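Quick look at coords.csv (CSV, C-alpha atoms):
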```
chain,number,residue,atom,x,y,z
E,1,MET,CA,-22.7,25.4,42.6
E,2,ASN,CA,-26.3,24.4,42.7
E,3,LYS,CA,-27.8,21.1,41.6
E,4,GLY,CA,-29.0,22.4,38.3
E,5,SER,CA,-25.5,23.6,37.2
E,6,VAL,CA,-24.0,20.3,38.2
E,7,THR,CA,-26.6,18.5,36.2
E,8,ILE,CA,-26.0,20.6,33.1
E,9,ILE,CA,-22.2,20.2,33.4
E,10,SER,CA,-22.6,16.5,33.7
E,11,ILE,CA,-24.9,16.3,30.7
E,12,VAL,CA,-22.5,18.4,28.6
E,13,PHE,CA,-19.6,16.2,29.7
E,14,LEU,CA,-21.5,13.0,28.8
E,15,ILE,CA,-22.5,14.4,25.4
E,16,GLY,CA,-18.9,15.4,24.7
E,17,SER,CA,-17.6,12.0,25.7
E,18,PHE,CA,-20.2,10.3,23.5
E,19,ILE,CA,-19.2,12.5,20.5
E,20,LEU,CA,-15.5,11.8,21.1
E,21,TYR,CA,-16.2,8.0,21.4
E,22,GLN,CA,-18.2,8.1,18.1
E,23,TRP,CA,-15.4,10.0,16.3
E,24,GLN,CA,-12.7,7.5,17.6
E,25,GLN,CA,-14.9,4.6,16.5
E,26,SER,CA,-15.4,6.1,13.1
E,27,GLU,CA,-11.7,6.6,12.7
E,28,PHE,CA,-11.0,3.0,13.7
E,29,GLU,CA,-13.6,1.7,11.3
E,30,LYS,CA,-12.1,3.8,8.4
E,31,ARG,CA,-8.7,2.4,9.0
E,32,TYR,CA,-10.0,-1.2,9.4
E,33,SER,CA,-12.1,-0.8,6.2
E,34,LYS,CA,-9.0,0.5,4.3
E,35,ILE,CA,-6.9,-2.4,5.4
E,36,GLU,CA,-9.7,-4.9,4.4
E,37,ALA,CA,-10.1,-3.2,1.0
E,38,GLU,CA,-6.4,-3.3,0.4
E,39,ALA,CA,-6.3,-7.0,1.3
E,40,GLU,CA,-9.2,-7.7,-1.1
E,41,ALA,CA,-7.7,-5.7,-3.9
E,42,GLU,CA,-4.4,-7.5,-3.5
E,43,GLU,CA,-5.9,-11.0,-3.3
E,44,GLU,CA,-5.6,-11.5,-7.0
E,45,ILE,CA,-2.0,-10.4,-7.0
E,46,LYS,CA,-1.3,-12.9,-4.2
E,47,VAL,CA,-2.5,-15.8,-6.3
E,48,GLU,CA,0.0,-14.9,-9.0
E,49,SER,CA,2.8,-14.0,-6.6
E,50,ILE,CA,2.9,-16.8,-4.1
E,51,THR,CA,3.2,-20.5,-4.9
E,52,PRO,CA,1.4,-23.1,-2.8
E,53,THR,CA,4.8,-24.1,-1.4
E,54,LEU,CA,5.4,-20.6,0.0
E,55,LEU,CA,1.8,-20.2,1.1
E,56,ASN,CA,2.1,-23.4,3.1
E,57,ALA,CA,5.3,-22.2,4.7
E,58,ILE,CA,3.6,-18.8,5.6
E,59,THR,CA,0.6,-20.6,7.0
E,60,ASP,CA,2.7,-23.0,9.1
E,61,PHE,CA,4.9,-20.1,10.3
E,62,SER,CA,1.9,-17.9,11.2
E,63,SER,CA,0.2,-20.7,13.1
E,64,SER,CA,3.3,-21.0,15.3
E,65,LEU,CA,3.3,-17.4,16.4
E,66,PRO,CA,1.4,-15.6,19.2
E,67,ASP,CA,-1.3,-13.2,17.8
E,68,GLU,CA,0.7,-10.1,18.8
E,69,SER,CA,3.5,-11.1,16.5
E,70,LYS,CA,1.2,-11.4,13.4
E,71,VAL,CA,1.5,-7.8,12.3
E,72,LEU,CA,3.2,-8.2,9.0
E,73,TYR,CA,5.5,-10.8,7.4
E,74,THR,CA,8.6,-10.4,5.4
E,75,VAL,CA,10.5,-12.7,3.0
E,76,GLU,CA,14.1,-12.5,2.0
E,77,PHE,CA,16.4,-14.8,0.0
E,78,GLU,CA,20.1,-15.3,0.5
E,79,LYS,CA,22.9,-17.7,-0.6
E,80,GLU,CA,25.5,-19.2,1.7
E,81,ASN,CA,28.1,-21.8,0.8
E,82,ASP,CA,26.4,-22.7,-2.5
E,83,LYS,CA,23.0,-23.3,-0.7
E,84,ASN,CA,19.9,-21.2,-1.2
E,85,PHE,CA,17.9,-20.0,1.8
E,86,MET,CA,14.6,-18.2,2.3
E,87,ILE,CA,13.9,-16.3,5.6
E,88,LEU,CA,10.4,-15.6,6.7
E,89,SER,CA,10.0,-13.0,9.5
E,90,ALA,CA,7.1,-11.7,11.6
E,91,ASN,CA,7.6,-7.9,12.2
E,92,PRO,CA,5.8,-5.0,13.8
E,93,TYR,CA,7.3,-2.5,11.3
E,94,ILE,CA,7.9,-2.0,7.6
E,95,ASP,CA,11.4,-0.9,6.5
E,96,PHE,CA,10.8,1.3,3.4
E,97,ASN,CA,14.6,1.5,2.9
E,98,ILE,CA,14.7,-2.1,1.6
E,99,LEU,CA,11.1,-2.8,0.6
E,100,GLN,CA,10.9,-4.1,-2.9
E,101,GLY,CA,7.3,-5.2,-3.1
E,102,TYR,CA,4.3,-6.5,-1.2
E,103,THR,CA,1.0,-8.4,-1.2
E,104,TYR,CA,-1.5,-9.7,1.3
E,105,VAL,CA,-1.7,-13.2,2.7
E,106,GLY,CA,-4.6,-14.2,4.9
E,107,GLY,CA,-5.4,-10.5,5.6
E,108,HIS,CA,-1.8,-9.8,6.7
E,109,LEU,CA,0.7,-7.7,4.9
E,110,PHE,CA,3.5,-9.7,3.2
E,111,THR,CA,6.6,-7.7,2.3
E,112,TYR,CA,9.5,-8.6,0.1
E,113,TYR,CA,12.9,-7.3,1.1
E,114,GLY,CA,15.1,-8.7,-1.7
E,115,ASN,CA,17.2,-11.5,-2.9
E,116,LYS,CA,20.7,-11.3,-1.6
E,117,GLY,CA,23.1,-13.2,-3.8
E,118,ASP,CA,20.5,-13.7,-6.7
E,119,VAL,CA,19.1,-16.9,-5.2
E,120,GLU,CA,17.5,-19.1,-7.8
E,121,GLN,CA,14.0,-19.6,-6.5
E,122,SER,CA,10.5,-20.1,-7.8
E,123,VAL,CA,8.3,-19.8,-4.7
E,124,LEU,CA,7.7,-16.1,-5.2
E,125,ASN,CA,7.0,-14.2,-8.4
E,126,VAL,CA,8.5,-10.8,-7.5
E,127,ASN,CA,7.4,-9.3,-10.8
E,128,SER,CA,3.7,-9.5,-9.8
E,129,LEU,CA,4.1,-7.9,-6.3
E,130,ASN,CA,2.7,-4.4,-5.7
E,131,LYS,CA,5.5,-1.9,-5.8
E,132,GLY,CA,3.6,1.3,-4.7
E,133,ARG,CA,3.6,2.5,-1.2
E,134,SER,CA,0.5,4.7,-1.0
E,135,LEU,CA,-1.6,1.8,0.4
E,136,LEU,CA,0.9,1.2,3.3
E,137,ASP,CA,0.3,4.4,5.3
E,138,THR,CA,-1.7,2.6,8.0
E,139,TYR,CA,1.4,0.5,8.9
E,140,LYS,CA,4.2,1.6,11.2
E,141,THR,CA,7.7,2.0,9.9
E,142,VAL,CA,11.0,1.2,11.5
E,143,GLU,CA,11.4,5.0,12.0
E,144,ASP,CA,8.3,4.8,14.3
E,145,ALA,CA,10.0,2.4,16.7
E,146,THR,CA,10.7,4.1,20.0
E,147,SER,CA,12.3,1.2,21.8
E,148,GLN,CA,13.7,-2.2,21.1
E,149,TYR,CA,11.3,-4.7,19.6
E,150,GLU,CA,11.2,-8.4,18.8
E,151,ILE,CA,11.0,-10.2,15.5
E,152,VAL,CA,10.7,-13.9,14.8
E,153,ARG,CA,12.6,-15.4,11.9
E,154,ARG,CA,12.3,-18.8,10.4
E,155,ARG,CA,15.0,-19.9,8.0
E,156,TYR,CA,14.4,-22.5,5.2
E,157,GLU,CA,16.7,-24.2,2.8
E,158,LEU,CA,15.4,-24.2,-0.8
E,159,VAL,CA,16.1,-27.9,-1.5
E,160,THR,CA,14.4,-27.8,-4.9
E,161,PRO,CA,12.4,-25.1,-6.6
E,162,ASP,CA,9.2,-26.3,-4.8
E,163,SER,CA,10.6,-27.9,-1.6
E,164,LEU,CA,11.6,-26.1,1.6
E,165,LEU,CA,13.4,-27.5,4.6
E,166,VAL,CA,13.1,-25.7,8.0
E,167,ILE,CA,16.5,-25.0,9.3
E,168,SER,CA,15.8,-22.8,12.3
E,169,THR,CA,13.3,-20.5,14.1
E,170,LYS,CA,14.6,-17.8,16.4
E,171,LYS,CA,13.5,-14.6,18.1
E,172,GLU,CA,15.7,-11.5,17.7
E,173,ILE,CA,15.6,-8.3,19.6
E,174,ILE,CA,16.1,-5.3,17.4
E,175,LYS,CA,17.7,-2.4,19.4
E,176,ILE,CA,17.1,1.2,18.5
```

Give the structure from the file, written as structure tokens.
Amino acid sequence: MNKGSVTIISIVFLIGSFILYQWQQSEFEKRYSKIEAEAEAEEEIKVESITPTLLNAITDFSSSLPDESKVLYTVEFEKENDKNFMILSANPYIDFNILQGYTYVGGHLFTYYGNKGDVEQSVLNVNSLNKGRSLLDTYKTVEDATSQYEIVRRRYELVTPDSLLVISTKKEIIKI
């Protein structure tokens, strides 16, 4: 090969690489913009859905986590021995099989997975949560998991309708 051919091949390779980079950047920006738009659209719902008590718990929980754990949050309610509990979790995946609603808190997806035992609570207005799933296609589901993953759970006792007591925080490994 002569110098001219090598130069032309190099230029074509550089142009191709630049076009591929621009396309990847464009796709990333589209996804990021969609997530931001979803968060802004849901901000109004969040105000109606989440009380200051729950928002403070989420903020405190979130600040205690490493950044890689802050993908999405879940909340569940359960009853045990006549006591009411709320469980906040940080997850990398959505479980559509048990998803009952969602909103956004601080730019992060906040999912609701139910109220086991019909716990009497007033920290979350489940009726004002978004129920549709069409805006969630940018998030990974539990079916996307290819290996074990870690979630962090914090359990609270619902002492009064607007008072929470931290009971425990623990990491769990979910095996596929």

*Which of these, E:Tyr156, E:Glu143, E:Lys3, E:Arg31, has the shortest distance to E:Thr53 once you count only C-alpha atoms?*
E:Tyr156

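Straight-line separation from atom CA of E:Thr7 to atom CA of E:Tyr21: 20.9 Å.
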
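The space between atom CA of E:Trp23 and atom CA of E:Ser134 spans 24.1 Å.
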
_With distances taken over all atoms listed in the file, which residue among E:Leu164, E:Asn81, E:Lys116, E:Gly107 lies nearest E:Tyr32?_
E:Gly107

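In terms of minimum interatomic distance to E:Glu120, E:Phe85 ranks closest within E:Phe61, E:Phe18, E:Tyr73, E:Phe85, counting all atoms listed in the file.
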
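As for atom CA of E:Asp118 and atom CA of E:Lys79, they are spaced 7.7 Å apart.
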
*Which of these residues is nearest to E:Leu135, using all atoms listed in the file: E:Thr103, E:Ser163, E:Ser147, E:Asn115?*
E:Thr103

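Minimum distance to E:Ile35 across E:Met86, E:Leu109, E:Leu158, E:Leu55 (counting only C-alpha atoms) occurs at E:Leu109.
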
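You can rank E:Gln148, E:Ser49, E:Ser62, E:Ile174 by their closest distance to E:Ser128 using all atoms listed in the file, and at the top of that list sits E:Ser49.
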
_Residue contacts of stretch 93-97 of chain E (8 Å, only C-alpha atoms) excluding same-chain residues fewer than 3 positions away, as a ChimeraX atom specification_ = /E:71-72,111,139-142,144-145
